[in-house]
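What follows is the content of structure-v8.pdb (PDB, C-alpha atoms).
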ATOM      1  CA  MET A  27     -10.891  -8.826   1.440
ATOM      2  CA  CYS A  28      -9.463 -11.947   2.926
ATOM      3  CA  ALA A  29     -10.267 -13.357   6.350
ATOM      4  CA  GLY A  30      -9.070 -16.782   7.366
ATOM      5  CA  SER A  31      -9.868 -19.118   4.497
ATOM      6  CA  GLN A  32     -12.408 -16.823   2.843
ATOM      7  CA  LEU A  33     -11.921 -14.334   0.002
ATOM      8  CA  TRP A  34     -14.305 -11.594  -1.116
ATOM      9  CA  LEU A  35     -13.777  -9.507  -4.245
ATOM     10  CA  TYR A  36     -15.751  -6.313  -4.783
ATOM     11  CA  PHE A  37     -15.917  -4.785  -8.254
ATOM     12  CA  GLY A  38     -17.244  -1.376  -9.187
ATOM     13  CA  GLN A  39     -17.999   0.395 -12.430
ATOM     14  CA  SER A  40     -17.062   3.816 -11.140
ATOM     15  CA  ALA A  41     -13.885   5.393  -9.817
ATOM     16  CA  GLU A  42     -11.933   3.788  -6.994
ATOM     17  CA  THR A  43     -12.510   6.300  -4.223
ATOM     18  CA  SER A  44     -12.369   6.438  -0.445
ATOM     19  CA  ASP A  45     -16.162   6.186  -0.412
ATOM     20  CA  PHE A  46     -16.164   3.072  -2.612
ATOM     21  CA  ILE A  47     -13.571   1.353  -0.449
ATOM     22  CA  VAL A  48     -15.249   2.133   2.873
ATOM     23  CA  ASP A  49     -18.703   1.275   1.476
ATOM     24  CA  CYS A  50     -17.344  -2.152   0.452
ATOM     25  CA  LEU A  51     -15.763  -2.639   3.879
ATOM     26  CA  LEU A  52     -19.022  -1.692   5.603
ATOM     27  CA  ALA A  53     -21.080  -3.984   3.348
ATOM     28  CA  TRP A  54     -18.675  -6.837   4.067
ATOM     29  CA  TRP A  55     -18.818  -6.259   7.830
ATOM     30  CA  GLN A  56     -22.619  -6.006   7.887
ATOM     31  CA  ALA A  57     -22.920  -9.253   5.907
ATOM     32  CA  HIS A  58     -20.347 -11.190   7.946
ATOM     33  CA  ARG A  59     -20.148  -9.756  11.468
ATOM     34  CA  GLN A  60     -22.138 -12.708  12.810
ATOM     35  CA  ASP A  61     -19.257 -14.932  11.626
ATOM     36  CA  TYR A  62     -16.849 -13.022  13.889
ATOM     37  CA  PRO A  63     -18.771 -12.338  17.119
ATOM     38  CA  ALA A  64     -15.666 -11.875  19.274
ATOM     39  CA  VAL A  65     -13.868  -9.488  16.914
ATOM     40  CA  GLU A  66     -13.405  -5.997  18.310
ATOM     41  CA  GLU A  67     -10.554  -4.879  16.060
ATOM     42  CA  LEU A  68      -9.692  -5.260  12.381
ATOM     43  CA  ALA A  69      -6.192  -5.092  10.902
ATOM     44  CA  ILE A  70      -6.202  -3.905   7.303
ATOM     45  CA  ASP A  71      -3.183  -4.090   4.994
ATOM     46  CA  LEU A  72      -3.051  -1.158   2.572
ATOM     47  CA  ASP A  73      -0.891   0.082  -0.242
ATOM     48  CA  GLY A  74      -0.241   3.743  -0.984
ATOM     49  CA  GLY A  75      -3.151   4.135  -3.397
ATOM     50  CA  SER A  76      -4.529   7.636  -3.738
ATOM     51  CA  ALA A  77      -7.983   6.733  -2.375
ATOM     52  CA  ILE A  78      -6.635   5.290   0.890
ATOM     53  CA  ARG A  79      -3.593   7.373   1.742
ATOM     54  CA  SER A  80      -3.317   8.210   5.424
ATOM     55  CA  ASN A  81      -3.538  11.937   4.682
ATOM     56  CA  ARG A  82      -6.571  11.698   2.377
ATOM     57  CA  THR A  83      -9.269  13.750   4.108
ATOM     58  CA  GLN A  84     -12.251  11.788   2.785
ATOM     59  CA  PHE A  85     -10.619   8.493   3.794
ATOM     60  CA  ILE A  86      -9.934   9.855   7.291
ATOM     61  CA  LYS A  87     -13.574  10.906   7.590
ATOM     62  CA  ARG A  88     -15.062   7.694   6.220
ATOM     63  CA  MET A  89     -12.863   5.374   8.310
ATOM     64  CA  ALA A  90     -13.730   7.351  11.441
ATOM     65  CA  GLN A  91     -17.418   7.022  10.543
ATOM     66  CA  PHE A  92     -16.951   3.281   9.898
ATOM     67  CA  CYS A  93     -15.499   2.847  13.396
ATOM     68  CA  GLN A  94     -18.352   4.878  14.897
ATOM     69  CA  THR A  95     -20.983   2.837  13.061
ATOM     70  CA  THR A  96     -19.513  -0.584  13.830
ATOM     71  CA  GLY A  97     -17.889   0.064  17.206
ATOM     72  CA  LEU A  98     -14.726  -1.573  15.849
ATOM     73  CA  LYS A  99     -11.171  -0.417  16.289
ATOM     74  CA  VAL A 100      -9.286  -0.561  12.971
ATOM     75  CA  ASN A 101      -5.530  -0.829  12.599
ATOM     76  CA  LEU A 102      -4.404   0.475   9.192
ATOM     77  CA  ILE A 103      -1.048  -0.977   8.174
ATOM     78  CA  TYR A 104       0.468   0.647   5.108
ATOM     79  CA  TYR A 105       3.097  -1.050   2.989
ATOM     80  CA  PRO A 106       5.850   1.329   1.851
ATOM     81  CA  PRO A 107       6.220   2.010  -1.881
ATOM     82  CA  TYR A 108       7.569  -0.928  -3.900
ATOM     83  CA  HIS A 109       6.731  -3.463  -1.175
ATOM     84  CA  SER A 110       3.475  -4.775  -2.647
ATOM     85  CA  LYS A 111       4.996  -8.251  -2.951
ATOM     86  CA  TYR A 112       4.527  -8.584   0.818
ATOM     87  CA  ASN A 113       0.851  -7.586   0.734
ATOM     88  CA  PRO A 114      -1.424 -10.679   0.494
ATOM     89  CA  ILE A 115      -4.125  -8.778  -1.393
ATOM     90  CA  GLU A 116      -1.618  -7.720  -4.054
ATOM     91  CA  ARG A 117      -0.630 -11.372  -4.469
ATOM     92  CA  CYS A 118      -4.309 -12.265  -4.851
ATOM     93  CA  TRP A 119      -4.758  -9.638  -7.583
ATOM     94  CA  ALA A 120      -1.660 -10.972  -9.339
ATOM     95  CA  ALA A 121      -3.201 -14.469  -9.316
ATOM     96  CA  LEU A 122      -6.424 -13.063 -10.783
ATOM     97  CA  GLU A 123      -4.531 -11.192 -13.505
ATOM     98  CA  ASN A 124      -2.614 -14.366 -14.361
ATOM     99  CA  TYR A 125      -5.843 -16.376 -14.409
ATOM    100  CA  TRP A 126      -7.618 -14.114 -16.890
ATOM    101  CA  ASN A 127      -4.421 -13.498 -18.853
ATOM    102  CA  GLY A 128      -5.310 -12.972 -22.511
ATOM    103  CA  ALA A 129      -9.072 -13.168 -21.942
ATOM    104  CA  LEU A 130     -11.174 -10.492 -23.562
ATOM    105  CA  LEU A 131     -12.991  -8.769 -20.722
ATOM    106  CA  THR A 132     -15.443  -6.955 -22.963
ATOM    107  CA  THR A 133     -18.316  -6.892 -20.462
ATOM    108  CA  VAL A 134     -18.722  -6.514 -16.736
ATOM    109  CA  GLU A 135     -20.316  -9.960 -16.658
ATOM    110  CA  ALA A 136     -17.242 -11.492 -18.304
ATOM    111  CA  ALA A 137     -14.910  -9.945 -15.720
ATOM    112  CA  LEU A 138     -17.132 -11.116 -12.853
ATOM    113  CA  GLN A 139     -17.349 -14.618 -14.313
ATOM    114  CA  TRP A 140     -13.578 -14.894 -14.641
ATOM    115  CA  ALA A 141     -13.084 -13.609 -11.093
ATOM    116  CA  SER A 142     -15.690 -16.051  -9.730
ATOM    117  CA  ASN A 143     -13.901 -19.028 -11.271
ATOM    118  CA  MET A 144     -10.340 -18.277 -10.195
ATOM    119  CA  THR A 145      -8.738 -19.706  -7.068
ATOM    120  CA  TRP A 146      -6.121 -18.203  -4.817
ATOM    121  CA  ASN A 147      -4.372 -20.398  -2.255
ATOM    122  CA  GLY A 148      -7.085 -22.972  -2.936
ATOM    123  CA  ILE A 149      -9.863 -20.475  -2.191
ATOM    124  CA  LYS A 150     -12.667 -19.616  -4.595
ATOM    125  CA  PRO A 151     -13.782 -16.034  -4.013
ATOM    126  CA  SER A 152     -17.191 -14.612  -3.389
ATOM    127  CA  VAL A 153     -17.557 -11.901  -6.054
ATOM    128  CA  GLN A 154     -19.858  -8.915  -5.784
ATOM    129  CA  LEU A 155     -20.588  -6.038  -8.135
ATOM    130  CA  VAL A 156     -21.141  -2.720  -6.383
ATOM    131  CA  ASP A 157     -23.671  -0.537  -8.155
ATOM    132  CA  GLY A 158     -23.603   3.211  -8.225
ATOM    133  CA  GLY A 159     -21.190   5.947  -9.068
ATOM    134  CA  TYR A 160     -18.617   7.524  -6.815
ATOM    135  CA  GLN A 161     -17.530  11.135  -6.988
ATOM    136  CA  LYS A 162     -13.796  11.750  -7.186
ATOM    137  CA  GLN A 163     -11.699  14.359  -5.383
ATOM    138  CA  ILE A 164     -13.927  14.989  -2.378
ATOM    139  CA  THR A 165     -12.150  17.104   0.195
ATOM    140  CA  VAL A 166     -13.306  17.493   3.790
ATOM    141  CA  PRO A 167     -12.979  21.049   5.142
ATOM    142  CA  LYS A 168     -10.314  21.478   7.822
ATOM    143  CA  GLU A 169     -12.759  22.453  10.575
ATOM    144  CA  GLU A 170     -14.881  19.344   9.921
ATOM    145  CA  LEU A 171     -11.829  17.104   9.602
ATOM    146  CA  GLU A 172     -10.502  17.973  13.080
ATOM    147  CA  ALA A 173     -13.264  15.968  14.768
ATOM    148  CA  TYR A 174     -12.491  12.874  12.681
ATOM    149  CA  GLU A 175      -8.720  13.167  13.119
ATOM    150  CA  GLN A 176      -9.193  12.815  16.889
ATOM    151  CA  GLN A 177     -10.171   9.188  16.238
ATOM    152  CA  TRP A 178      -6.897   8.572  14.331
ATOM    153  CA  GLN A 179      -4.067   7.469  16.598
ATOM    154  CA  ARG A 180      -0.846   7.583  14.610
ATOM    155  CA  SER A 181       2.121   5.489  15.665
ATOM    156  CA  GLU A 182       4.846   7.522  17.337
ATOM    157  CA  HIS A 183       7.535   5.851  15.244
ATOM    158  CA  LEU A 184       5.673   5.261  11.959
ATOM    159  CA  PRO A 185       2.894   7.889  11.859
ATOM    160  CA  LYS A 186       2.365   7.592   8.116
ATOM    161  CA  TRP A 187       2.374   3.778   7.986
ATOM    162  CA  ASP A 188       0.697   2.568  11.208
ATOM    163  CA  ILE A 189      -2.578   4.114  12.310
ATOM    164  CA  THR A 190      -5.267   2.931  14.669
ATOM    165  CA  VAL A 191      -8.749   4.373  14.166
ATOM    166  CA  VAL A 192     -10.993   4.137  17.209
ATOM    167  CA  PRO A 193     -14.680   4.785  17.760
ATOM    168  CA  ASN A 194     -15.495   7.756  20.002
TER     169      ASN A 194
END

Rendering of file as C-alpha cells:
Amino acid sequence: MCAGSQLWLYFGQSAETSDFIVDCLLAWWQAHRQDYPAVEELAIDLDGGSAIRSNRTQFIKRMAQFCQTTGLKVNLIYYPPYHSKYNPIERCWAALENYWNGALLTTVEAALQWASNMTWNGIKPSVQLVDGGYQKQITVPKEELEAYEQQWQRSEHLPKWDITVVPN
C-alpha cells in the first residue's frame, strides 16, 4: 500500500485470498486512519488477480463489509490485462524483485529483512508479516451476495474496471 510518501508491505505465509487482502487493508486503515482524518474515500489500483477480481463473490462481500466497518467509500480501479506497467504497486514489486535479485530467500525472516531494507522512489517501506492461514475458494451464496452487491456501484461505461463500493 502506498499513500503519499509512505509505503507499507504486507507479507503472508498462506494463500493470497480476498480475505487476506481485505484483512491487510483493514489493519492498515485501523493503524493509520488518524493520519488521514479528512479522508472519506479511498482509491485503490488493482490488477486482475484472482483474489480481487470484480466478480469474485468473497471479494465483493469483504469489500462491502470493509466499507460498512470504516464508513469509507472505496473506488476500485482495475488495470486491464497487460497494463501492469502503469500500476504503481506493480512498479514497487518490480523494484523489490530487482533489489533481492539472486538472494536466497530461504526463510521468512530473510524475505522480510530484504524487503525492509529496499527503497522505492526514495521510500523505505514499513514491512509487516500477517499471521494465520487463509482458506482458498470461498464462494458466497447468491442470496447472501445480493445484499453486498447493492453496495457496489459499477461504472456505466466500464462496469468491470471502475467500481465504487459505498457503505449502507

> On this structure, which residues satisfy the PyMOL selection byres ((chain A and resi 45) around 12), written as an MDAnalysis selection string?
Replying inline: chainID A and resid 38 40:44 46:53 77:78 82:89 91:92 156 158:165

> Applied to this file, what does the PyMOL selection byres ((chain A and resi 100) around 6) return in terms of residues, put as a ChimeraX atom specification?
Replying inline: /A:67-69,99,101,190-191

With C-alpha atoms kept, could you save the residues just selected as a PDB file, in the coordinates of the input?
ATOM      1  CA  GLU A  67     -10.554  -4.879  16.060  1.00  0.00           C
ATOM      2  CA  LEU A  68      -9.692  -5.260  12.381  1.00  0.00           C
ATOM      3  CA  ALA A  69      -6.192  -5.092  10.902  1.00  0.00           C
ATOM      4  CA  LYS A  99     -11.171  -0.417  16.289  1.00  0.00           C
ATOM      5  CA  ASN A 101      -5.530  -0.829  12.599  1.00  0.00           C
ATOM      6  CA  THR A 190      -5.267   2.931  14.669  1.00  0.00           C
ATOM      7  CA  VAL A 191      -8.749   4.373  14.166  1.00  0.00           C
TER       8      VAL A 191
END

> On this structure, which residues satisfy the PyMOL selection byres ((chain A and resi 116-130) around 12), written as a ChimeraX atom specification?
Replying inline: /A:27-28,33-36,71-75,105,108-115,131-151

>> Given the point (-4.5, 8.9, 14.7) in the file's coordinates, find the residues that have an atom at most 9 Å from it, counting only C-alpha atoms, and give them as a list in words.
In response: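 Residues satisfying the cut-off, written out: Glu175, Gln176, Gln177, Trp178, Gln179, Arg180, Ser181, Pro185, Asp188, Ile189, Thr190, Val191 and Val192 of chain A.
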
> Do you have the CA of Cys93 in chain A-CA of Pro193 in chain A distance handy?
Replying inline: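 Here the two named atoms are 4.8 Å from each other.
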
> How many Å lie between CA of His58 in chain A and CA of Ile70 in chain A, rounded to one decimal?
Replying inline: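 A separation of 15.9 Å between them.
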